[in-house]
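Engineer: Just one file: protein.cif, with mmCIF, C-alpha atoms and all ligand atoms.
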data_final
#
loop_
_atom_site.group_PDB
_atom_site.id
_atom_site.type_symbol
_atom_site.label_atom_id
_atom_site.label_comp_id
_atom_site.auth_asym_id
_atom_site.auth_seq_id
_atom_site.Cartn_x
_atom_site.Cartn_y
_atom_site.Cartn_z
ATOM 1 C CA MET F 2 -22.452 -78.217 -10.992
ATOM 2 C CA LYS F 3 -24.522 -81.333 -11.761
ATOM 3 C CA VAL F 4 -28.245 -81.326 -12.511
ATOM 4 C CA ILE F 5 -29.741 -84.681 -11.503
ATOM 5 C CA LYS F 6 -33.176 -85.999 -12.521
ATOM 6 C CA THR F 7 -35.747 -87.162 -9.974
ATOM 7 C CA SER F 8 -38.879 -89.269 -10.393
ATOM 8 C CA PHE F 9 -40.741 -86.041 -11.331
ATOM 9 C CA SER F 10 -39.678 -84.919 -14.810
ATOM 10 C CA ASP F 11 -39.384 -81.247 -13.813
ATOM 11 C CA VAL F 12 -38.005 -81.514 -10.256
ATOM 12 C CA PHE F 13 -34.198 -81.572 -10.128
ATOM 13 C CA ILE F 14 -31.434 -82.091 -7.602
ATOM 14 C CA ILE F 15 -28.594 -79.642 -8.155
ATOM 15 C CA GLU F 16 -25.176 -80.703 -6.927
ATOM 16 C CA PRO F 17 -22.631 -77.868 -6.897
ATOM 17 C CA THR F 18 -18.941 -78.669 -7.363
ATOM 18 C CA CYS F 19 -17.278 -78.083 -4.039
ATOM 19 C CA PHE F 20 -13.590 -77.074 -4.004
ATOM 20 C CA VAL F 21 -12.126 -78.090 -0.665
ATOM 21 C CA ASP F 22 -8.754 -76.906 0.633
ATOM 22 C CA HIS F 23 -7.056 -76.279 3.963
ATOM 23 C CA ARG F 24 -9.195 -73.130 4.510
ATOM 24 C CA GLY F 25 -12.542 -74.826 3.987
ATOM 25 C CA PHE F 26 -14.457 -74.917 0.701
ATOM 26 C CA PHE F 27 -15.679 -72.793 -2.185
ATOM 27 C CA MET F 28 -18.637 -73.480 -4.444
ATOM 28 C CA GLU F 29 -20.903 -71.705 -6.886
ATOM 29 C CA SER F 30 -24.324 -71.985 -5.283
ATOM 30 C CA TYR F 31 -26.146 -70.674 -8.384
ATOM 31 C CA ASN F 32 -25.123 -70.292 -12.019
ATOM 32 C CA LEU F 33 -27.651 -68.902 -14.517
ATOM 33 C CA LYS F 34 -25.818 -70.376 -17.536
ATOM 34 C CA VAL F 35 -25.828 -73.940 -16.149
ATOM 35 C CA PHE F 36 -29.511 -73.635 -15.267
ATOM 36 C CA SER F 37 -30.385 -72.296 -18.745
ATOM 37 C CA GLU F 38 -28.447 -75.149 -20.393
ATOM 38 C CA ASN F 39 -30.679 -77.516 -18.424
ATOM 39 C CA ASN F 40 -33.847 -75.679 -19.477
ATOM 40 C CA ILE F 41 -34.409 -74.194 -16.023
ATOM 41 C CA THR F 42 -35.117 -70.656 -17.107
ATOM 42 C CA ASN F 43 -36.804 -69.125 -14.077
ATOM 43 C CA ASN F 44 -36.206 -65.527 -13.221
ATOM 44 C CA PHE F 45 -35.588 -65.601 -9.481
ATOM 45 C CA VAL F 46 -36.748 -62.362 -7.837
ATOM 46 C CA GLN F 47 -36.545 -63.008 -4.088
ATOM 47 C CA ASP F 48 -34.150 -64.849 -1.760
ATOM 48 C CA ASN F 49 -35.482 -66.198 1.542
ATOM 49 C CA GLN F 50 -33.782 -67.655 4.586
ATOM 50 C CA SER F 51 -35.175 -69.351 7.676
ATOM 51 C CA LEU F 52 -33.636 -70.602 10.890
ATOM 52 C CA SER F 53 -35.230 -73.478 12.774
ATOM 53 C CA ILE F 54 -33.805 -73.728 16.266
ATOM 54 C CA GLU F 55 -34.796 -77.308 16.953
ATOM 55 C CA ALA F 56 -34.581 -80.603 15.124
ATOM 56 C CA GLY F 57 -38.100 -81.811 14.322
ATOM 57 C CA VAL F 58 -39.507 -78.519 13.029
ATOM 58 C CA ILE F 59 -41.768 -79.055 10.030
ATOM 59 C CA ARG F 60 -42.561 -76.071 7.787
ATOM 60 C CA GLY F 61 -45.171 -76.745 5.110
ATOM 61 C CA LEU F 62 -46.639 -77.953 2.971
ATOM 62 C CA HIS F 63 -46.795 -74.569 1.232
ATOM 63 C CA TYR F 64 -47.584 -73.132 -2.202
ATOM 64 C CA GLN F 65 -48.936 -69.937 -3.726
ATOM 65 C CA LEU F 66 -51.974 -69.971 -5.964
ATOM 66 C CA SER F 67 -51.686 -68.961 -9.610
ATOM 67 C CA PRO F 68 -51.006 -66.287 -10.899
ATOM 68 C CA LYS F 69 -48.582 -65.888 -7.977
ATOM 69 C CA ALA F 70 -47.307 -69.484 -8.033
ATOM 70 C CA GLN F 71 -43.611 -69.843 -7.218
ATOM 71 C CA SER F 72 -40.785 -72.043 -8.417
ATOM 72 C CA LYS F 73 -38.190 -72.538 -5.686
ATOM 73 C CA LEU F 74 -34.512 -73.400 -5.465
ATOM 74 C CA VAL F 75 -33.889 -74.698 -1.954
ATOM 75 C CA ARG F 76 -30.581 -75.275 -0.173
ATOM 76 C CA VAL F 77 -29.307 -75.767 3.356
ATOM 77 C CA VAL F 78 -26.727 -73.310 4.645
ATOM 78 C CA SER F 79 -26.284 -75.066 7.992
ATOM 79 C CA GLY F 80 -27.798 -78.252 9.354
ATOM 80 C CA ALA F 81 -29.916 -80.757 7.448
ATOM 81 C CA ILE F 82 -33.499 -81.255 6.285
ATOM 82 C CA TYR F 83 -35.805 -83.879 4.864
ATOM 83 C CA ASP F 84 -37.222 -81.832 1.998
ATOM 84 C CA VAL F 85 -40.547 -82.856 0.486
ATOM 85 C CA VAL F 86 -42.382 -81.984 -2.715
ATOM 86 C CA VAL F 87 -45.942 -82.935 -3.620
ATOM 87 C CA ASP F 88 -47.328 -82.704 -7.143
ATOM 88 C CA ILE F 89 -50.558 -80.686 -6.832
ATOM 89 C CA ARG F 90 -51.200 -80.147 -10.549
ATOM 90 C CA ARG F 91 -54.673 -81.525 -11.163
ATOM 91 C CA GLY F 92 -54.574 -83.645 -14.321
ATOM 92 C CA SER F 93 -50.914 -84.554 -13.818
ATOM 93 C CA SER F 94 -50.219 -88.311 -13.939
ATOM 94 C CA SER F 95 -48.331 -87.872 -10.636
ATOM 95 C CA PHE F 96 -50.989 -85.703 -8.916
ATOM 96 C CA GLY F 97 -50.836 -86.294 -5.148
ATOM 97 C CA LYS F 98 -47.472 -88.086 -5.303
ATOM 98 C CA ALA F 99 -44.799 -86.984 -2.832
ATOM 99 C CA GLN F 100 -41.054 -87.424 -2.776
ATOM 100 C CA GLY F 101 -38.484 -86.586 -0.106
ATOM 101 C CA PHE F 102 -34.800 -85.681 -0.369
ATOM 102 C CA ILE F 103 -32.048 -85.098 2.183
ATOM 103 C CA LEU F 104 -30.434 -81.676 1.778
ATOM 104 C CA SER F 105 -27.645 -80.782 4.164
ATOM 105 C CA GLU F 106 -24.592 -78.665 4.749
ATOM 106 C CA TYR F 107 -22.609 -81.861 4.152
ATOM 107 C CA ASN F 108 -24.016 -82.888 0.755
ATOM 108 C CA GLN F 109 -24.697 -79.265 -0.374
ATOM 109 C CA ARG F 110 -27.521 -80.599 -2.521
ATOM 110 C CA GLN F 111 -30.188 -78.193 -3.725
ATOM 111 C CA LEU F 112 -33.724 -78.934 -4.862
ATOM 112 C CA PHE F 113 -35.368 -77.164 -7.797
ATOM 113 C CA ILE F 114 -39.156 -77.192 -7.385
ATOM 114 C CA PRO F 115 -41.323 -75.920 -10.245
ATOM 115 C CA LYS F 116 -44.706 -74.224 -9.946
ATOM 116 C CA GLY F 117 -47.485 -76.715 -9.260
ATOM 117 C CA PHE F 118 -45.794 -78.424 -6.328
ATOM 118 C CA ALA F 119 -46.373 -77.985 -2.607
ATOM 119 C CA HIS F 120 -43.196 -77.841 -0.543
ATOM 120 C CA GLY F 121 -42.256 -78.556 3.048
ATOM 121 C CA PHE F 122 -39.350 -79.723 5.127
ATOM 122 C CA CYS F 123 -38.436 -81.266 8.445
ATOM 123 C CA THR F 124 -35.252 -80.175 10.193
ATOM 124 C CA LEU F 125 -33.008 -83.096 11.105
ATOM 125 C CA VAL F 126 -30.641 -81.170 13.383
ATOM 126 C CA ALA F 127 -30.853 -78.073 15.588
ATOM 127 C CA ASN F 128 -30.068 -74.625 14.187
ATOM 128 C CA THR F 129 -30.808 -75.502 10.595
ATOM 129 C CA GLN F 130 -30.793 -72.590 8.172
ATOM 130 C CA VAL F 131 -32.536 -72.997 4.836
ATOM 131 C CA SER F 132 -32.065 -70.530 2.018
ATOM 132 C CA TYR F 133 -34.116 -70.495 -1.163
ATOM 133 C CA LYS F 134 -34.732 -68.477 -4.266
ATOM 134 C CA VAL F 135 -38.246 -67.904 -5.604
ATOM 135 C CA ASP F 136 -39.385 -66.605 -8.982
ATOM 136 C CA GLU F 137 -42.510 -64.786 -7.767
ATOM 137 C CA TYR F 138 -42.872 -62.366 -4.869
ATOM 138 C CA TYR F 139 -44.514 -63.399 -1.616
ATOM 139 C CA CYS F 140 -48.249 -62.827 -1.859
ATOM 140 C CA PRO F 141 -50.077 -63.436 1.465
ATOM 141 C CA THR F 142 -53.509 -63.528 -0.213
ATOM 142 C CA ASN F 143 -52.369 -66.374 -2.496
ATOM 143 C CA ASP F 144 -50.443 -68.220 0.210
ATOM 144 C CA ARG F 145 -51.906 -71.713 0.795
ATOM 145 C CA GLY F 146 -51.030 -74.936 2.571
ATOM 146 C CA ILE F 147 -51.793 -78.622 2.789
ATOM 147 C CA LEU F 148 -51.707 -80.550 6.043
ATOM 148 C CA TRP F 149 -48.209 -81.983 6.581
ATOM 149 C CA ASN F 150 -49.573 -85.407 7.636
ATOM 150 C CA ASP F 151 -52.440 -85.738 5.158
ATOM 151 C CA PRO F 152 -52.712 -89.554 5.104
ATOM 152 C CA SER F 153 -53.370 -89.584 1.342
ATOM 153 C CA LEU F 154 -49.840 -88.280 0.714
ATOM 154 C CA ASN F 155 -48.016 -91.068 2.582
ATOM 155 C CA ILE F 156 -45.033 -88.850 3.332
ATOM 156 C CA ASP F 157 -42.312 -90.704 5.167
ATOM 157 C CA TRP F 158 -41.567 -87.917 7.677
ATOM 158 C CA PRO F 159 -38.739 -88.778 10.081
ATOM 159 C CA ILE F 160 -40.839 -87.603 13.059
ATOM 160 C CA SER F 161 -44.413 -88.041 14.284
ATOM 161 C CA SER F 162 -44.796 -85.057 16.676
ATOM 162 C CA PRO F 163 -43.188 -82.105 14.922
ATOM 163 C CA ILE F 164 -42.907 -78.482 16.028
ATOM 164 C CA LEU F 165 -45.325 -76.569 13.776
ATOM 165 C CA SER F 166 -46.458 -72.975 13.289
ATOM 166 C CA ASP F 167 -50.070 -72.276 14.307
ATOM 167 C CA LYS F 168 -50.841 -71.786 10.601
ATOM 168 C CA ASP F 169 -49.368 -75.150 9.600
ATOM 169 C CA LYS F 170 -51.478 -77.025 12.183
ATOM 170 C CA LEU F 171 -54.672 -75.981 10.426
ATOM 171 C CA HIS F 172 -54.160 -76.611 6.706
ATOM 172 C CA PRO F 173 -56.711 -78.699 4.789
ATOM 173 C CA THR F 174 -55.915 -82.060 3.219
ATOM 174 C CA LEU F 175 -55.053 -82.175 -0.473
ATOM 175 C CA GLU F 176 -58.592 -83.328 -1.235
ATOM 176 C CA GLU F 177 -60.038 -80.253 0.508
ATOM 177 C CA ALA F 178 -57.367 -77.790 -0.674
ATOM 178 C CA ASP F 179 -57.816 -74.761 -2.865
ATOM 179 C CA ILE F 180 -55.691 -75.477 -5.962
ATOM 180 C CA ASN F 181 -55.410 -73.801 -9.348
ATOM 181 C CA PHE F 182 -52.458 -74.332 -11.685
HETATM 182 C C1 LIG F 201 -42.767 -66.917 2.910
HETATM 183 C C2 LIG F 201 -42.703 -65.465 3.389
HETATM 184 C C3 LIG F 201 -43.116 -65.133 4.653
HETATM 185 N N1 LIG F 201 -43.069 -63.846 5.057
HETATM 186 C C4 LIG F 201 -43.518 -63.526 6.436
HETATM 187 C C5 LIG F 201 -44.947 -63.917 6.737
HETATM 188 C C6 LIG F 201 -44.911 -64.345 8.176
HETATM 189 O O1 LIG F 201 -45.189 -63.230 9.008
HETATM 190 C C7 LIG F 201 -43.487 -64.791 8.424
HETATM 191 C C8 LIG F 201 -43.337 -66.296 8.539
HETATM 192 O O2 LIG F 201 -43.945 -66.881 7.392
HETATM 193 P P1 LIG F 201 -44.248 -68.428 7.325
HETATM 194 O O3 LIG F 201 -44.719 -68.913 8.629
HETATM 195 O O4 LIG F 201 -45.120 -68.676 6.136
HETATM 196 O O5 LIG F 201 -42.769 -69.019 7.050
HETATM 197 P P2 LIG F 201 -42.393 -70.514 6.655
HETATM 198 O O6 LIG F 201 -43.291 -71.472 7.352
HETATM 199 O O7 LIG F 201 -40.932 -70.687 6.806
HETATM 200 O O8 LIG F 201 -42.787 -70.536 5.095
HETATM 201 C C9 LIG F 201 -41.954 -71.093 4.116
HETATM 202 O O9 LIG F 201 -42.078 -72.511 4.213
HETATM 203 C C10 LIG F 201 -41.371 -73.239 3.220
HETATM 204 C C11 LIG F 201 -41.692 -74.691 3.406
HETATM 205 C C12 LIG F 201 -41.587 -72.734 1.857
HETATM 206 O O10 LIG F 201 -41.654 -73.482 0.875
HETATM 207 C C13 LIG F 201 -41.579 -71.263 1.702
HETATM 208 O O11 LIG F 201 -41.995 -70.856 0.409
HETATM 209 C C14 LIG F 201 -42.399 -70.592 2.763
HETATM 210 O O12 LIG F 201 -43.774 -70.869 2.535
HETATM 211 O O13 LIG F 201 -42.703 -64.287 7.328
HETATM 212 C C15 LIG F 201 -42.605 -62.841 4.239
HETATM 213 O O14 LIG F 201 -42.570 -61.647 4.625
HETATM 214 N N2 LIG F 201 -42.170 -63.167 2.991
HETATM 215 C C16 LIG F 201 -42.207 -64.430 2.536
HETATM 216 O O15 LIG F 201 -41.777 -64.704 1.353
#
Show this structure as structure tokens.
Structural biologist:
Amino acid sequence: MKVIKTSFSDVFIIEPTCFVDHRGFFMESYNLKVFSENNITNNFVQDNQSLSIEAGVIRGLHYQLSPKAQSKLVRVVSGAIYDVVVDIRRGSSSFGKAQGFILSEYNQRQLFIPKGFAHGFCTLVANTQVSYKVDEYYCPTNDRGILWNDPSLNIDWPISSPILSDKDKLHPTLEEADINF
């Protein structure tokens, strides 16, 4: 299992070692010891999974307000996504900066996202299932979002007319958003 740095000092790509044989493959999708050795010491308390039936579904950009902020460990069980993080920590030198990563069933890459980032993804193929661990329980009253196509974020989404939830159509821009980290 490799832990790879990104342009954000505390966002990491995790690359599990995949053992392939004539039956298929085996991999460890999570290993507490490896994470601890890399100073990722979150206590994950909930596992989530979503299915998006179509390519071109965007979910996000989501976060939970402090004290219910969540770190996330995201992976793709089937299909592929363009996974995006946005630094929303006021005072951070990278506040408002976004970065995207391809996670897929083929590269088996995972993304570790610390508290203080908004998260969203676009499905690149039909029937994409995303699974992720979080280190704080879902809290609807602290659930917040930022508009997926906020022009200030310059996110290079692979699609211009995505399929969105009603909730995700109505989020504010980062400038207007309710943020406290
Ligand atoms: C996120 C979540 C939702 N729900 C419920 C609320 C709602 O009725 C239904 C669907 O919720 P949503 O529309 O928010 O699901 P979705 O748009 O898939 O939300 C997810 O998007 C990605 C990008 C993330 O980063 C996740 O943390 C999460 O916010 O599931 C839970 O019960 N527990 C949870 O942890």
Engineer: So how far away is CA of Val77 (chain F) from CA of Asp22 (chain F), in Å?
Structural biologist: 20.8 Å
Engineer: Please determine an axis-aligned box that encloses all atoms of region 15-28 of chain F listed in the file, with 3 Å added on each side, and express its centre and edge lengths in Å to one decimal as AutoDock Vina command-line options.
Structural biologist:
--center_x -17.8 --center_y -76.7 --center_z -1.8 --size_x 27.5 --size_y 13.9 --size_z 18.7
Engineer: List the spatial neighbours of Val46 (chain F) as a PyMOL selection string - criterion: any atom at most 7 Å away, all atoms listed in the file, same-chain residues fewer than 3 positions off excluded.
Structural biologist: chain F and resi 135-138
Engineer: Those residues you just picked out, can you put them in a file as a PDB file, keeping the file's coordinate frame with C-alpha atoms?
Structural biologist:
ATOM      1  CA  VAL F 135     -38.246 -67.904  -5.604  1.00  0.00           C
ATOM      2  CA  ASP F 136     -39.385 -66.605  -8.982  1.00  0.00           C
ATOM      3  CA  GLU F 137     -42.510 -64.786  -7.767  1.00  0.00           C
ATOM      4  CA  TYR F 138     -42.872 -62.366  -4.869  1.00  0.00           C
TER       5      TYR F 138
END
Engineer: If the PyMOL selection byres (((not hetatm)) within 8 of (chain F and resi 201)) is run on the structure shown, which residues does it catch, given as a short mmCIF file (atom, residue, chain, number, x, y, z; two decimals) with C-alpha atoms, in the frame of the given file?
Structural biologist:
data_model
loop_
_atom_site.label_atom_id
_atom_site.label_comp_id
_atom_site.auth_asym_id
_atom_site.auth_seq_id
_atom_site.Cartn_x
_atom_site.Cartn_y
_atom_site.Cartn_z
CA GLN F 47 -36.54 -63.01 -4.09
CA ASN F 49 -35.48 -66.20 1.54
CA SER F 51 -35.17 -69.35 7.68
CA ILE F 59 -41.77 -79.06 10.03
CA ARG F 60 -42.56 -76.07 7.79
CA GLY F 61 -45.17 -76.74 5.11
CA LEU F 62 -46.64 -77.95 2.97
CA HIS F 63 -46.80 -74.57 1.23
CA TYR F 64 -47.58 -73.13 -2.20
CA GLN F 71 -43.61 -69.84 -7.22
CA LYS F 73 -38.19 -72.54 -5.69
CA ALA F 119 -46.37 -77.98 -2.61
CA HIS F 120 -43.20 -77.84 -0.54
CA GLY F 121 -42.26 -78.56 3.05
CA PHE F 122 -39.35 -79.72 5.13
CA VAL F 135 -38.25 -67.90 -5.60
CA TYR F 138 -42.87 -62.37 -4.87
CA TYR F 139 -44.51 -63.40 -1.62
CA CYS F 140 -48.25 -62.83 -1.86
CA PRO F 141 -50.08 -63.44 1.46
CA ASP F 144 -50.44 -68.22 0.21
CA SER F 166 -46.46 -72.97 13.29
CA LYS F 168 -50.84 -71.79 10.60
CA ASP F 169 -49.37 -75.15 9.60
#
Engineer: Can you translate the PyMOL selection byres (((chain F and resi 8-17) around 12) and not hetatm) into the concrete residues it hits in this file, as a PyMOL selection string?
Structural biologist: chain F and resi 2-7+18-20+26-32+35-36+39-42+72-76+84-88+93-120
Engineer: So which residues touch Ser67 (chain F) within 9 Å, counting all atoms listed in the file, skipping near sequence neighbours fewer than 2 positions away, as a list in words?
Structural biologist: Gln65, Lys69, Ala70, Gln71, Lys116, Gly117, Asn143, Ile180, Asn181 and Phe182 of chain F
Engineer: Go through F:Cys123, F:Asp179, F:Leu33, F:Lys170 one by one, measure the shortest atom-to-atom distance of each to Ile156 (chain F) using only C-alpha atoms, and give the residue with the smallest value.
Structural biologist: F:Cys123
Engineer: Find, counting all atoms listed in the file, the residue in F:Ile147, F:Ile160, F:Pro68, F:Ile54 that gets nearest to Tyr83 (chain F).
Structural biologist: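 When distances to Tyr83 (chain F) are compared using all atoms listed in the file, the smallest one comes from F:Ile160.
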Engineer: Given the choices F:Lys34, F:Val21, F:Ser132, F:Leu66, which gets closest to Ser79 (chain F) if the distance is worked out from all atoms listed in the file?
Structural biologist: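 Comparing F:Lys34, F:Val21, F:Ser132, F:Leu66 against Ser79 (chain F), the winner is F:Ser132.
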Engineer: Which is closer to Ser162 (chain F) than all the others in F:Thr142, F:Asp48, F:Trp149, F:Val131, using all atoms listed in the file?
Structural biologist: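 Nearest candidate to Ser162 (chain F) out of F:Thr142, F:Asp48, F:Trp149, F:Val131: F:Trp149.
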Engineer: Would you mind reading off the distance between CA of Thr124 (chain F) and CA of Pro163 (chain F), one decimal, in Å?
Structural biologist: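 Between these atoms lies a distance of 9.4 Å.
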Engineer: Using the chain letters and numbers from the file, give me the residues hit by the PyMOL selection byres (((chain F and resi 126) around 10) and not hetatm), as a list in words.
Structural biologist: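 Evaluating the PyMOL selection byres (((chain F and resi 126) around 10) and not hetatm) on this file yields Ser53, Ile54, Glu55, Ala56, Gly57, Val58, Ser79, Gly80, Ala81, Ile82, Ser105, Cys123, Thr124, Leu125, Ala127, Asn128 and Thr129 of chain F.
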Engineer: Rank F:Glu38, F:Phe45, F:Arg91, F:Thr174 by their smallest atom-to-atom distance to Lys134 (chain F), using all atoms listed in the file, and report the top residue only.
Structural biologist: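 Smallest distance to Lys134 (chain F) is found for F:Phe45.
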Engineer: Mind pulling up the distance from CA of Arg90 (chain F) to CA of Gly146 (chain F)?
Structural biologist: 14.1 Å
